[in-house]
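J.: Input file: entry02.txt. Contents: compact mmCIF, C-alpha atoms.
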```txt
# COMPACT_ATOMS: atom_id res chain seq x y z
CA MET A 1 144.43 41.06 120.92
CA SER A 2 140.65 41.31 120.54
CA LEU A 3 139.13 44.73 121.14
CA THR A 4 136.48 44.98 123.80
CA ARG A 5 135.26 48.35 122.56
CA THR A 6 135.76 50.88 119.79
CA VAL A 7 135.45 54.63 120.15
CA PRO A 8 135.12 56.16 116.65
CA LEU A 9 136.66 59.51 115.80
CA SER A 10 133.36 61.15 114.88
CA GLY A 11 129.70 60.51 114.15
CA PRO A 12 126.75 62.55 112.83
CA TRP A 13 123.49 63.10 114.70
CA LEU A 14 120.77 61.77 112.40
CA ASP A 15 117.23 60.69 113.31
CA GLU A 16 113.68 60.42 111.99
CA ARG A 17 113.47 64.05 110.87
CA GLU A 18 116.24 63.55 108.31
CA GLU A 19 114.47 60.44 107.02
CA GLU A 20 111.18 62.34 106.79
CA LEU A 21 112.57 65.21 104.73
CA VAL A 22 114.68 62.98 102.47
CA LEU A 23 111.58 60.89 101.75
CA GLU A 24 109.68 64.10 100.98
CA VAL A 25 112.26 64.90 98.31
CA LEU A 26 112.31 61.36 96.92
CA ARG A 27 108.53 61.26 96.65
CA SER A 28 108.43 64.66 94.98
CA GLY A 29 110.59 63.51 92.08
CA ARG A 30 112.59 66.77 92.27
CA LEU A 31 116.02 65.47 93.23
CA SER A 32 117.98 68.49 92.00
CA LEU A 33 117.27 72.17 91.31
CA GLY A 34 114.11 71.80 93.37
CA PRO A 35 112.45 73.79 96.16
CA MET A 36 114.36 72.11 99.01
CA ILE A 37 117.54 73.91 97.95
CA GLU A 38 115.97 77.35 98.40
CA ARG A 39 114.37 76.25 101.66
CA PHE A 40 117.78 75.23 102.98
CA GLU A 41 119.53 78.36 101.74
CA GLU A 42 116.96 80.71 103.25
CA ALA A 43 117.02 78.91 106.60
CA PHE A 44 120.82 78.91 106.69
CA ALA A 45 121.12 82.60 105.79
CA GLU A 46 118.67 83.47 108.55
CA ARG A 47 120.55 81.31 111.01
CA VAL A 48 123.92 83.03 110.53
CA GLY A 49 122.57 86.53 109.92
CA ALA A 50 123.54 86.88 106.26
CA PRO A 51 121.16 88.22 103.62
CA TYR A 52 122.12 85.60 101.00
CA ALA A 53 123.34 82.01 100.89
CA ALA A 54 124.17 79.71 97.97
CA ALA A 55 124.46 75.98 98.58
CA VAL A 56 127.27 74.14 96.80
CA SER A 57 128.66 70.63 96.49
CA SER A 58 131.42 71.13 99.07
CA GLY A 59 133.23 73.72 101.12
CA THR A 60 136.10 73.47 98.65
CA ALA A 61 133.73 74.32 95.80
CA GLY A 62 132.50 77.36 97.70
CA LEU A 63 136.01 78.62 98.33
CA HIS A 64 136.92 78.08 94.69
CA LEU A 65 133.88 80.02 93.46
CA LEU A 66 134.77 82.99 95.66
CA CYS A 67 138.31 82.94 94.31
CA ARG A 68 136.96 82.87 90.75
CA ILE A 69 134.64 85.79 91.47
CA THR A 70 137.50 87.72 93.08
CA GLY A 71 139.31 87.51 89.74
CA LEU A 72 142.46 85.75 90.92
CA LYS A 73 144.71 84.70 88.05
CA ALA A 74 148.19 83.55 87.16
CA GLY A 75 150.82 85.90 88.53
CA ASP A 76 148.72 86.85 91.57
CA GLU A 77 149.42 85.81 95.15
CA ALA A 78 146.97 84.93 97.89
CA ILE A 79 147.80 84.59 101.58
CA THR A 80 146.39 81.89 103.80
CA SER A 81 147.16 79.80 106.85
CA PRO A 82 149.62 76.90 106.66
CA TYR A 83 147.74 75.19 109.50
CA SER A 84 144.51 74.13 107.83
CA PHE A 85 142.98 71.65 105.41
CA ALA A 86 144.58 71.78 101.97
CA ALA A 87 141.48 73.35 100.36
CA SER A 88 142.29 76.66 102.07
CA ALA A 89 145.14 77.04 99.57
CA ASN A 90 143.96 74.82 96.71
CA CYS A 91 140.99 77.13 96.14
CA PHE A 92 143.12 79.91 94.69
CA ILE A 93 145.78 77.66 93.16
CA TYR A 94 142.98 76.37 90.89
CA GLU A 95 142.83 79.90 89.45
CA GLY A 96 146.60 80.09 88.91
CA ALA A 97 147.42 82.25 91.92
CA ALA A 98 150.51 81.39 93.96
CA PRO A 99 150.15 80.41 97.63
CA VAL A 100 151.77 82.53 100.30
CA PHE A 101 151.66 81.20 103.86
CA ALA A 102 151.68 83.49 106.88
CA ASP A 103 152.39 81.93 110.26
CA VAL A 104 149.75 81.44 112.93
CA ASP A 105 149.33 82.75 116.44
CA PRO A 106 150.59 80.12 118.93
CA ASP A 107 147.49 80.43 121.11
CA THR A 108 144.62 80.69 118.62
CA LEU A 109 146.32 78.67 115.81
CA ASN A 110 144.67 81.15 113.42
CA LEU A 111 146.46 83.57 111.10
CA ASP A 112 148.60 86.12 112.91
CA PRO A 113 147.59 89.50 111.38
CA ASN A 114 151.14 90.80 111.81
CA ALA A 115 152.49 87.86 109.84
CA VAL A 116 149.86 88.45 107.17
CA GLU A 117 150.86 92.11 106.83
CA ALA A 118 154.53 91.14 106.52
CA ALA A 119 153.63 88.70 103.71
CA ILE A 120 151.78 91.25 101.53
CA THR A 121 153.53 92.16 98.29
CA GLU A 122 152.57 94.10 95.18
CA ARG A 123 151.26 90.80 93.75
CA THR A 124 148.95 90.01 96.67
CA ARG A 125 145.29 90.04 95.71
CA ALA A 126 143.47 88.09 98.45
CA ILE A 127 143.54 86.70 101.98
CA VAL A 128 141.81 83.42 102.81
CA ALA A 129 141.33 83.52 106.58
CA VAL A 130 140.59 80.24 108.35
CA ASP A 131 138.58 79.76 111.57
CA ILE A 132 140.60 76.75 112.63
CA PHE A 133 138.90 74.10 114.76
CA GLY A 134 135.87 76.40 115.08
CA TYR A 135 137.75 79.27 116.74
CA PRO A 136 137.01 82.65 115.09
CA CYS A 137 139.94 84.28 113.30
CA GLU A 138 140.95 87.90 113.96
CA LEU A 139 138.37 89.10 111.50
CA ASP A 140 138.45 92.83 112.20
CA PRO A 141 142.25 93.28 111.98
CA LEU A 142 142.34 91.12 108.84
CA ARG A 143 139.50 93.08 107.32
CA GLU A 144 141.30 96.35 108.07
CA LEU A 145 144.43 94.98 106.42
CA ALA A 146 142.48 93.85 103.37
CA ASP A 147 140.72 97.20 103.04
CA ARG A 148 143.93 99.19 103.46
CA HIS A 149 145.76 97.19 100.79
CA GLY A 150 142.81 96.74 98.43
CA LEU A 151 142.65 92.96 98.90
CA ALA A 152 139.74 90.54 98.83
CA LEU A 153 139.03 88.82 102.15
CA ILE A 154 137.48 85.36 102.02
CA GLU A 155 136.50 83.66 105.27
CA ASP A 156 137.04 79.91 105.41
CA ALA A 157 134.49 79.14 108.14
CA CYS A 158 134.17 75.50 107.05
CA GLU A 159 134.90 74.33 110.61
CA ALA A 160 133.11 77.08 112.48
CA LEU A 161 129.33 77.03 112.07
CA GLY A 162 127.83 78.44 115.25
CA ALA A 163 130.91 80.39 116.36
CA THR A 164 130.66 84.07 117.19
CA TYR A 165 133.14 86.92 116.86
CA ARG A 166 132.62 90.05 118.93
CA GLY A 167 129.07 89.02 119.71
CA ALA A 168 127.90 88.25 116.16
CA ALA A 169 127.68 84.93 114.33
CA LEU A 170 130.28 84.11 111.72
CA GLY A 171 128.70 84.85 108.38
CA SER A 172 127.07 88.04 109.59
CA HIS A 173 130.13 90.33 109.58
CA GLY A 174 130.27 91.21 105.89
CA PRO A 175 133.08 89.24 104.22
CA SER A 176 131.82 86.32 102.19
CA ALA A 177 132.18 83.09 104.16
CA VAL A 178 132.13 79.38 103.36
CA PHE A 179 130.75 76.65 105.59
CA ALA A 180 131.07 72.89 105.02
CA PHE A 181 128.95 69.89 105.96
CA TYR A 182 131.15 66.79 105.84
CA PRO A 183 129.90 64.16 108.35
CA ASN A 184 132.37 65.19 111.08
CA LYS A 185 131.24 68.83 111.01
CA GLN A 186 128.81 70.48 113.43
CA MET A 187 126.00 69.62 111.00
CA THR A 188 126.13 67.43 107.93
CA THR A 189 124.61 66.95 104.52
CA GLY A 190 126.97 64.05 103.77
CA GLU A 191 128.95 66.12 101.30
CA GLY A 192 128.16 69.76 100.73
CA GLY A 193 128.80 73.35 101.65
CA ILE A 194 127.31 76.82 101.48
CA VAL A 195 128.54 80.35 100.75
CA THR A 196 127.11 83.32 102.59
CA THR A 197 127.38 86.78 101.11
CA HIS A 198 126.11 90.30 101.72
CA SER A 199 126.08 91.11 98.00
CA GLU A 200 123.07 90.29 95.85
CA GLU A 201 125.22 90.52 92.73
CA GLU A 202 127.74 88.04 94.12
CA TRP A 203 124.92 85.73 95.23
CA ARG A 204 123.44 85.62 91.75
CA LEU A 205 126.85 84.97 90.25
CA LEU A 206 127.49 82.17 92.75
CA LYS A 207 124.23 80.49 91.79
CA SER A 208 125.14 80.78 88.13
CA LEU A 209 128.73 79.56 88.40
CA ARG A 210 127.74 76.55 90.51
CA ASN A 211 125.30 75.57 87.73
CA GLN A 212 127.64 75.52 84.73
CA GLY A 213 127.40 79.31 84.27
CA ARG A 214 123.68 79.40 83.53
CA ALA A 215 122.27 82.84 84.39
CA ASP A 216 118.71 83.65 85.48
CA THR A 217 117.92 84.96 82.01
CA ASP A 218 119.36 81.96 80.14
CA GLY A 219 117.40 79.15 78.58
CA TRP A 220 117.71 75.58 79.83
CA LEU A 221 120.90 74.79 77.94
CA ASP A 222 122.22 78.33 77.50
CA HIS A 223 125.21 79.54 79.50
CA SER A 224 126.41 83.09 80.09
CA TYR A 225 129.60 82.16 81.93
CA LEU A 226 132.22 79.45 82.12
CA GLY A 227 130.91 77.66 85.18
CA PHE A 228 131.19 74.46 87.16
CA ASN A 229 129.04 71.57 88.28
CA TYR A 230 129.14 72.60 91.92
CA ARG A 231 125.44 72.16 92.70
CA MET A 232 124.04 70.67 95.88
CA ASP A 233 121.14 68.29 95.24
CA ASP A 234 117.80 68.38 97.04
CA VAL A 235 118.44 65.16 98.98
CA ARG A 236 121.43 66.77 100.68
CA ALA A 237 119.49 70.00 101.16
CA ALA A 238 116.80 67.99 102.96
CA LEU A 239 119.43 66.69 105.36
CA GLY A 240 120.57 70.27 105.82
CA VAL A 241 117.10 71.54 106.69
CA ALA A 242 116.67 68.80 109.29
CA GLN A 243 120.11 69.44 110.74
CA LEU A 244 119.47 73.17 111.04
CA GLU A 245 116.30 72.44 112.99
CA LYS A 246 118.34 70.70 115.69
CA LEU A 247 121.54 72.73 115.36
CA ASP A 248 121.17 74.41 118.76
CA ASP A 249 120.90 70.99 120.41
CA ILE A 250 123.89 69.69 118.45
CA LEU A 251 126.06 72.68 119.36
CA GLU A 252 125.05 72.47 123.02
CA ALA A 253 125.82 68.76 123.14
CA ARG A 254 129.20 69.20 121.45
CA ALA A 255 130.10 71.97 123.89
CA ALA A 256 129.16 69.69 126.79
CA VAL A 257 131.39 66.91 125.43
CA ALA A 258 134.25 69.40 125.10
CA SER A 259 133.72 70.63 128.64
CA ARG A 260 133.86 67.05 129.98
CA TYR A 261 137.08 66.43 128.09
CA ALA A 262 138.63 69.57 129.58
CA GLU A 263 137.72 68.38 133.06
CA LEU A 264 139.02 64.85 132.51
CA LEU A 265 142.23 66.05 130.89
CA GLY A 266 142.94 68.22 133.91
CA ASP A 267 144.39 65.02 135.40
CA VAL A 268 146.70 64.55 132.38
CA PRO A 269 149.20 67.40 132.75
CA GLU A 270 151.24 66.16 129.78
CA VAL A 271 148.74 67.55 127.27
CA GLU A 272 147.60 71.08 126.40
CA THR A 273 143.99 71.74 125.43
CA LEU A 274 142.72 74.31 122.95
CA LEU A 275 142.41 77.97 123.85
CA ALA A 276 139.33 78.84 125.90
CA ASP A 277 136.74 81.35 124.72
CA ASP A 278 136.98 85.02 125.61
CA GLY A 279 134.74 88.05 125.24
CA ASP A 280 135.43 88.38 121.52
CA HIS A 281 135.79 84.73 120.46
CA VAL A 282 133.28 81.96 121.13
CA ARG A 283 134.31 78.67 119.59
CA SER A 284 131.97 76.26 117.85
CA TRP A 285 133.33 72.80 118.60
CA PHE A 286 134.37 71.00 115.42
CA VAL A 287 137.00 68.55 116.68
CA TYR A 288 138.64 68.02 120.05
CA VAL A 289 142.37 68.54 119.62
CA VAL A 290 145.09 68.29 122.24
CA LYS A 291 148.74 69.26 121.96
CA LEU A 292 151.24 66.61 123.05
CA PRO A 293 154.56 67.43 124.75
CA ARG A 294 157.63 67.94 122.59
CA GLY A 295 159.63 64.75 122.34
CA VAL A 296 156.64 62.42 122.50
CA ASP A 297 156.33 60.00 119.57
CA ARG A 298 152.86 60.94 118.31
CA ASN A 299 152.68 58.02 115.88
CA ARG A 300 153.34 55.66 118.75
CA VAL A 301 150.59 57.32 120.79
CA ILE A 302 148.17 56.91 117.88
CA ALA A 303 149.14 53.24 117.47
CA ASN A 304 148.68 52.59 121.20
CA LEU A 305 145.26 54.24 121.15
CA GLU A 306 144.26 52.22 118.08
CA ARG A 307 145.24 48.96 119.77
CA HIS A 308 142.72 49.78 122.48
CA GLY A 309 139.96 50.73 120.05
CA VAL A 310 140.35 54.52 120.33
CA GLN A 311 140.50 56.29 116.99
CA SER A 312 142.63 59.43 116.69
CA ARG A 313 144.26 61.46 113.94
CA PRO A 314 147.24 63.85 113.59
CA TYR A 315 145.45 67.20 113.16
CA LEU A 316 146.72 68.95 111.09
CA PRO A 317 149.61 68.47 108.68
CA CYS A 318 150.93 71.82 107.46
CA ILE A 319 149.71 72.61 103.94
CA HIS A 320 153.06 73.98 102.77
CA LEU A 321 154.78 70.71 103.72
CA GLN A 322 152.42 68.51 101.74
CA ARG A 323 154.33 66.64 99.03
CA TYR A 324 152.72 68.45 96.10
CA MET A 325 153.46 71.81 97.70
CA ARG A 326 157.11 70.89 98.13
CA ASP A 327 157.31 69.59 94.57
CA ILE A 328 155.59 72.53 92.86
CA TYR A 329 156.66 75.50 94.98
CA GLY A 330 159.77 74.28 96.79
CA PHE A 331 158.40 74.91 100.29
CA GLY A 332 160.27 73.32 103.19
CA GLU A 333 160.60 73.26 106.94
CA GLY A 334 161.22 76.54 108.72
CA LEU A 335 158.86 78.69 106.66
CA CYS A 336 156.18 78.86 109.39
CA PRO A 337 157.76 77.66 112.64
CA VAL A 338 154.75 78.20 114.91
CA ALA A 339 152.43 76.26 112.61
CA GLU A 340 155.03 73.54 112.10
CA ASP A 341 155.49 73.07 115.84
CA ALA A 342 151.72 72.79 116.35
CA SER A 343 151.42 70.41 113.41
CA ARG A 344 153.97 68.03 114.92
CA ARG A 345 152.20 67.90 118.27
CA THR A 346 148.42 68.19 117.79
CA LEU A 347 146.17 65.15 117.99
CA ALA A 348 142.40 64.84 117.46
CA LEU A 349 140.53 62.62 119.92
CA PRO A 350 137.12 61.01 119.38
CA PHE A 351 134.51 63.75 119.38
CA HIS A 352 130.84 64.12 118.47
CA ALA A 353 127.59 65.30 120.00
CA ARG A 354 126.55 61.91 121.37
CA LEU A 355 129.86 60.78 122.83
CA ASP A 356 128.93 59.52 126.29
CA GLU A 357 130.82 60.16 129.51
CA ASP A 358 131.95 56.57 129.89
CA ALA A 359 133.54 56.59 126.43
CA GLN A 360 135.27 59.89 127.18
CA GLY A 361 136.67 58.51 130.40
CA TYR A 362 138.00 55.51 128.52
CA VAL A 363 139.60 57.74 125.87
CA VAL A 364 141.41 59.88 128.45
CA GLU A 365 142.51 56.86 130.48
CA THR A 366 143.85 55.20 127.34
CA LEU A 367 145.58 58.42 126.23
CA HIS A 368 147.25 58.79 129.63
CA ALA A 369 148.58 55.24 129.44
CA ALA A 370 149.74 55.72 125.85
CA LEU A 371 151.68 58.85 126.78
CA GLU A 372 153.48 57.03 129.60
CA THR A 373 154.82 54.47 127.09
CA SER A 374 155.52 56.84 124.19
CA ALA A 375 157.92 59.42 125.61
```
Would you mind giving the structure from this file in structure tokens?
T.:
Amino acid sequence: MSLTRTVPLSGPWLDEREEELVLEVLRSGRLSLGPMIERFEEAFAERVGAPYAAAVSSGTAGLHLLCRITGLKAGDEAITSPYSFAASANCFIYEGAAPVFADVDPDTLNLDPNAVEAAITERTRAIVAVDIFGYPCELDPLRELADRHGLALIEDACEALGATYRGAALGSHGPSAVFAFYPNKQMTTGEGGIVTTHSEEEWRLLKSLRNQGRADTDGWLDHSYLGFNYRMDDVRAALGVAQLEKLDDILEARAAVASRYAELLGDVPEVETLLADDGDHVRSWFVYVVKLPRGVDRNRVIANLERHGVQSRPYLPCIHLQRYMRDIYGFGEGLCPVAEDASRRTLALPFHARLDEDAQGYVVETLHAALETSA
């Protein structure tokens, strides 16, 4: 069977402005540790309402640095969501802390604060709260929990740039937050991430640790701390500056694509769409995920979509059921039933800012047909 069309899962919005700024960096000869990094950091901090931002090589790197600064170590525990990308737990495992998974709310798919509280022990030192699929987590209840128990709260906002919680942008609320810029994110630098913080001391330490532990007062090859090579280069920062300039347009376009999907999927009663916004939570659209009915063979749906040129992915496998998690920690099914049910049924459809209406119609039509043959 020859495909007549292909609808890719995602795609970045890049144009002449990105080329212009990347060329500016290339012609300057300052490819790393140059002025474009600070330009990007300052613009990003202003955008999200944080006083400080430190660009890093990836969202994972940013999460890891915050866990290092928190002081997590062997024998400690950190709580996070089982329904997320593996980095949400790997970040503190790197420091020797043991992962503890609290189940998610069935509607938001974010951490259930009651489950988090039940998971706290005398060994708990931190909570890594995820804004899954761009939907803000219950930041205030989690912050209250963290404050009451003397825990660090790290916000994994890697999927949520542009989202707001209780009227304020994520990144502006106080807890240090990490954003990521992989090509399927709201904005992209290819690879890369950024940490926002409200602490000047933490910001300076972040900039040092990302650069092999070199402090402001150190010489060129002197190092005050054991650090990492987690720098972002100026070429990626140039992409970031250009993307920030059009971020409002990107977010608006992604929201419009999501709205069209919701309308089209109204005629496909077999699927559930993601939770709508409310007065406290305004989603920033990262991916478009639907929940399939129980009993449907999701792999068969994916294969049927692929045969017709429609890319899709099972979003997301539970972290605690990944093979290495089972092997190292002995996790198994039944630990987080709400997350596990969602993980078995959720499916990401093609989604990006420039996905046209005709392609969306084709995706939904093809999904409807695939569901009819995959029950």
J.: Report, in Å to a single decimal, how far apart CA of Ala180 in chain A and CA of Ile328 in chain A are.
T.: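 It comes out at 27.4 Å.
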J.: Find the residues near range 295-297 of chain A: any atom within 10 Å, counting all atoms listed in the file, skip ones fewer than 6 places away on the same chain, and give them as a ChimeraX atom specification.
T.: /A:270,344-345,371-375
J.: Write out as a ChimeraX atom specification which residues come within 8 Å of Leu367 in chain A when counting only C-alpha atoms, dropping same-chain ones fewer than 4 positions away.
T.: /A:301,305,363,371
J.: Is it possible to get the residues within 6 Å of (129.4, 87.5, 100.1) (coordinates as in the file, counting only C-alpha atoms) written as a PyMOL selection string?
T.: chain A and resi 175-176+196-199
J.: Name the closest residue to Gln322 in chain A among the candidates A:Glu340, A:Leu264, A:Val178, A:Gly162; distances are taken between atoms, counting only C-alpha atoms.
T.: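 Of all the options, A:Glu340 lies closest to Gln322 in chain A.
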J.: For Gly167 in chain A, work out the shell of residues within 10 Å, counting only C-alpha atoms and skipping chain neighbours fewer than 3 positions away, then give it as a VMD selection string.
T.: chain A and resid 163 to 164 170 279 to 282
J.: Quote the spacing between CA of Ser81 in chain A and CA of Gly171 in chain A in Å to one decimal place.
T.: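 One can read the CA of Ser81 in chain A to CA of Gly171 in chain A distance as 19.2 Å.
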J.: Could you make a table, as JSON lines, of the residues of range 242-336 of chain A that have an atom within 9 Å of an atom of range 137-159 of chain A, each with its nearest atom pair and distance in Å to one decimal, counting all atoms listed in the file, in chain and number order?
T.:
```
{"residue": "A:His281", "atom": "CA", "partner": "A:Cys137", "partner_atom": "CA", "distance": 8.3}
{"residue": "A:Ser284", "atom": "CA", "partner": "A:Glu159", "partner_atom": "CA", "distance": 8.0}
{"residue": "A:Trp285", "atom": "CA", "partner": "A:Glu159", "partner_atom": "CA", "distance": 8.3}
{"residue": "A:Phe286", "atom": "CA", "partner": "A:Glu159", "partner_atom": "CA", "distance": 5.9}
{"residue": "A:Val287", "atom": "CA", "partner": "A:Glu159", "partner_atom": "CA", "distance": 8.6}
```
J.: With only C-alpha atoms as the basis for distance, which of A:Glu117, A:Asp277, A:Glu95, A:Asp234 is at the shortest distance from Leu63 in chain A?
T.: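 Among the listed residues, A:Glu95 lies closest to Leu63 in chain A.
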J.: Which residues come within 7 Å of range 257-261 of chain A, counting all atoms listed in the file, excluding same-chain residues fewer than 4 positions away, as a PDB file with C-alpha atoms, in the frame of the given file?
T.:
```pdb
ATOM      1  CA  ALA A 253     125.820  68.760 123.140  1.00  0.00           C
ATOM      2  CA  LEU A 265     142.230  66.050 130.890  1.00  0.00           C
ATOM      3  CA  TYR A 288     138.640  68.020 120.050  1.00  0.00           C
ATOM      4  CA  ALA A 353     127.590  65.300 120.000  1.00  0.00           C
ATOM      5  CA  LEU A 355     129.860  60.780 122.830  1.00  0.00           C
ATOM      6  CA  GLN A 360     135.270  59.890 127.180  1.00  0.00           C
TER       7      GLN A 360
END
```
J.: Counting all atoms listed in the file, write as a list in words all protein and nucleic acid residues lying at most 12 Å from (126.7, 58.3, 124.2) in the file's frame.
T.: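 Nearby residues: Val7, Pro8, Ser10, Gly11, Trp13, Ala253, Arg254, Ala256, Val257, Pro350, Phe351, His352, Ala353, Arg354, Leu355, Asp356, Glu357, Asp358, Ala359, Gln360 and Gly361 of chain A.
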J.: Pick from A:Phe331, A:Val290, A:Trp220, A:His368: nearest to Leu349 in chain A, with only C-alpha atoms counted?
T.: A:Val290
J.: If we count only C-alpha atoms and set the cut-off at 10 Å, which residues sit around Ala98 in chain A, ignoring sequence neighbours fewer than 4 positions away in its own chain? Please answer as number ranges by chain.
T.: A: 72-79, 89-90, 92-94, 123-124, 329
J.: With distances taken over all atoms listed in the file, which of A:Ala369, A:Ile69, A:Ala339, A:Ala237 is nearest to Val104 in chain A?
T.: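 Result for the nearest residue to Val104 in chain A: A:Ala339.
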J.: Using only C-alpha atoms, find the one residue out of A:Leu209, A:Ala115, A:Met187, A:Leu275 that sits nearest to Ile250 in chain A.
T.: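 Going through A:Leu209, A:Ala115, A:Met187, A:Leu275 one by one, the smallest distance to Ile250 in chain A is for A:Met187.
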J.: Box for range 315-321 of chain A - axis-aligned, 4 Å on each of the six sides, all listed atoms - centre and size in Å to one decimal, as lines of an AutoDock Vina configuration file.
T.:
```
center_x = 150.1
center_y = 70.6
center_z = 108.0
size_x = 17.3
size_y = 14.8
size_z = 18.4
```
J.: Considering only C-alpha atoms, tabulate each residue of range 156-252 of chain A that lies at most 8 Å from range 30-41 of chain A along with its nearest interatomic pair and the corresponding distance in Å to one decimal; arrange the rows by chain and ascending residue number and present them as JSON lines.
T.:
```
{"residue": "A:Ile194", "atom": "CA", "partner": "A:Glu41", "partner_atom": "CA", "distance": 7.9}
{"residue": "A:Met232", "atom": "CA", "partner": "A:Ser32", "partner_atom": "CA", "distance": 7.5}
{"residue": "A:Asp233", "atom": "CA", "partner": "A:Ser32", "partner_atom": "CA", "distance": 4.5}
{"residue": "A:Asp234", "atom": "CA", "partner": "A:Ser32", "partner_atom": "CA", "distance": 5.0}
{"residue": "A:Val235", "atom": "CA", "partner": "A:Leu31", "partner_atom": "CA", "distance": 6.2}
{"residue": "A:Ala237", "atom": "CA", "partner": "A:Ile37", "partner_atom": "CA", "distance": 5.4}
{"residue": "A:Ala238", "atom": "CA", "partner": "A:Met36", "partner_atom": "CA", "distance": 6.2}
{"residue": "A:Gly240", "atom": "CA", "partner": "A:Phe40", "partner_atom": "CA", "distance": 6.4}
{"residue": "A:Val241", "atom": "CA", "partner": "A:Phe40", "partner_atom": "CA", "distance": 5.3}
```
J.: Residues of range 47-150 of chain A within 10 Å of range 271-274 of chain A: nearest atom pair and distance (Å, one decimal) for each, counting only C-alpha atoms, sorted by chain and number, as a Markdown table?
T.:
```
| residue | atom | partner | partner_atom | distance |
| --- | --- | --- | --- | --- |
| A:Asp107 | CA | A:Leu274 | CA | 8.0 |
| A:Thr108 | CA | A:Leu274 | CA | 7.9 |
| A:Leu109 | CA | A:Leu274 | CA | 9.1 |
| A:Phe133 | CA | A:Leu274 | CA | 9.0 |
| A:Tyr135 | CA | A:Leu274 | CA | 9.4 |
```
J.: CA of Ala119 in chain A and CA of Cys91 in chain A are how many Å apart?
T.: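 Here the two named atoms are 18.7 Å from each other.
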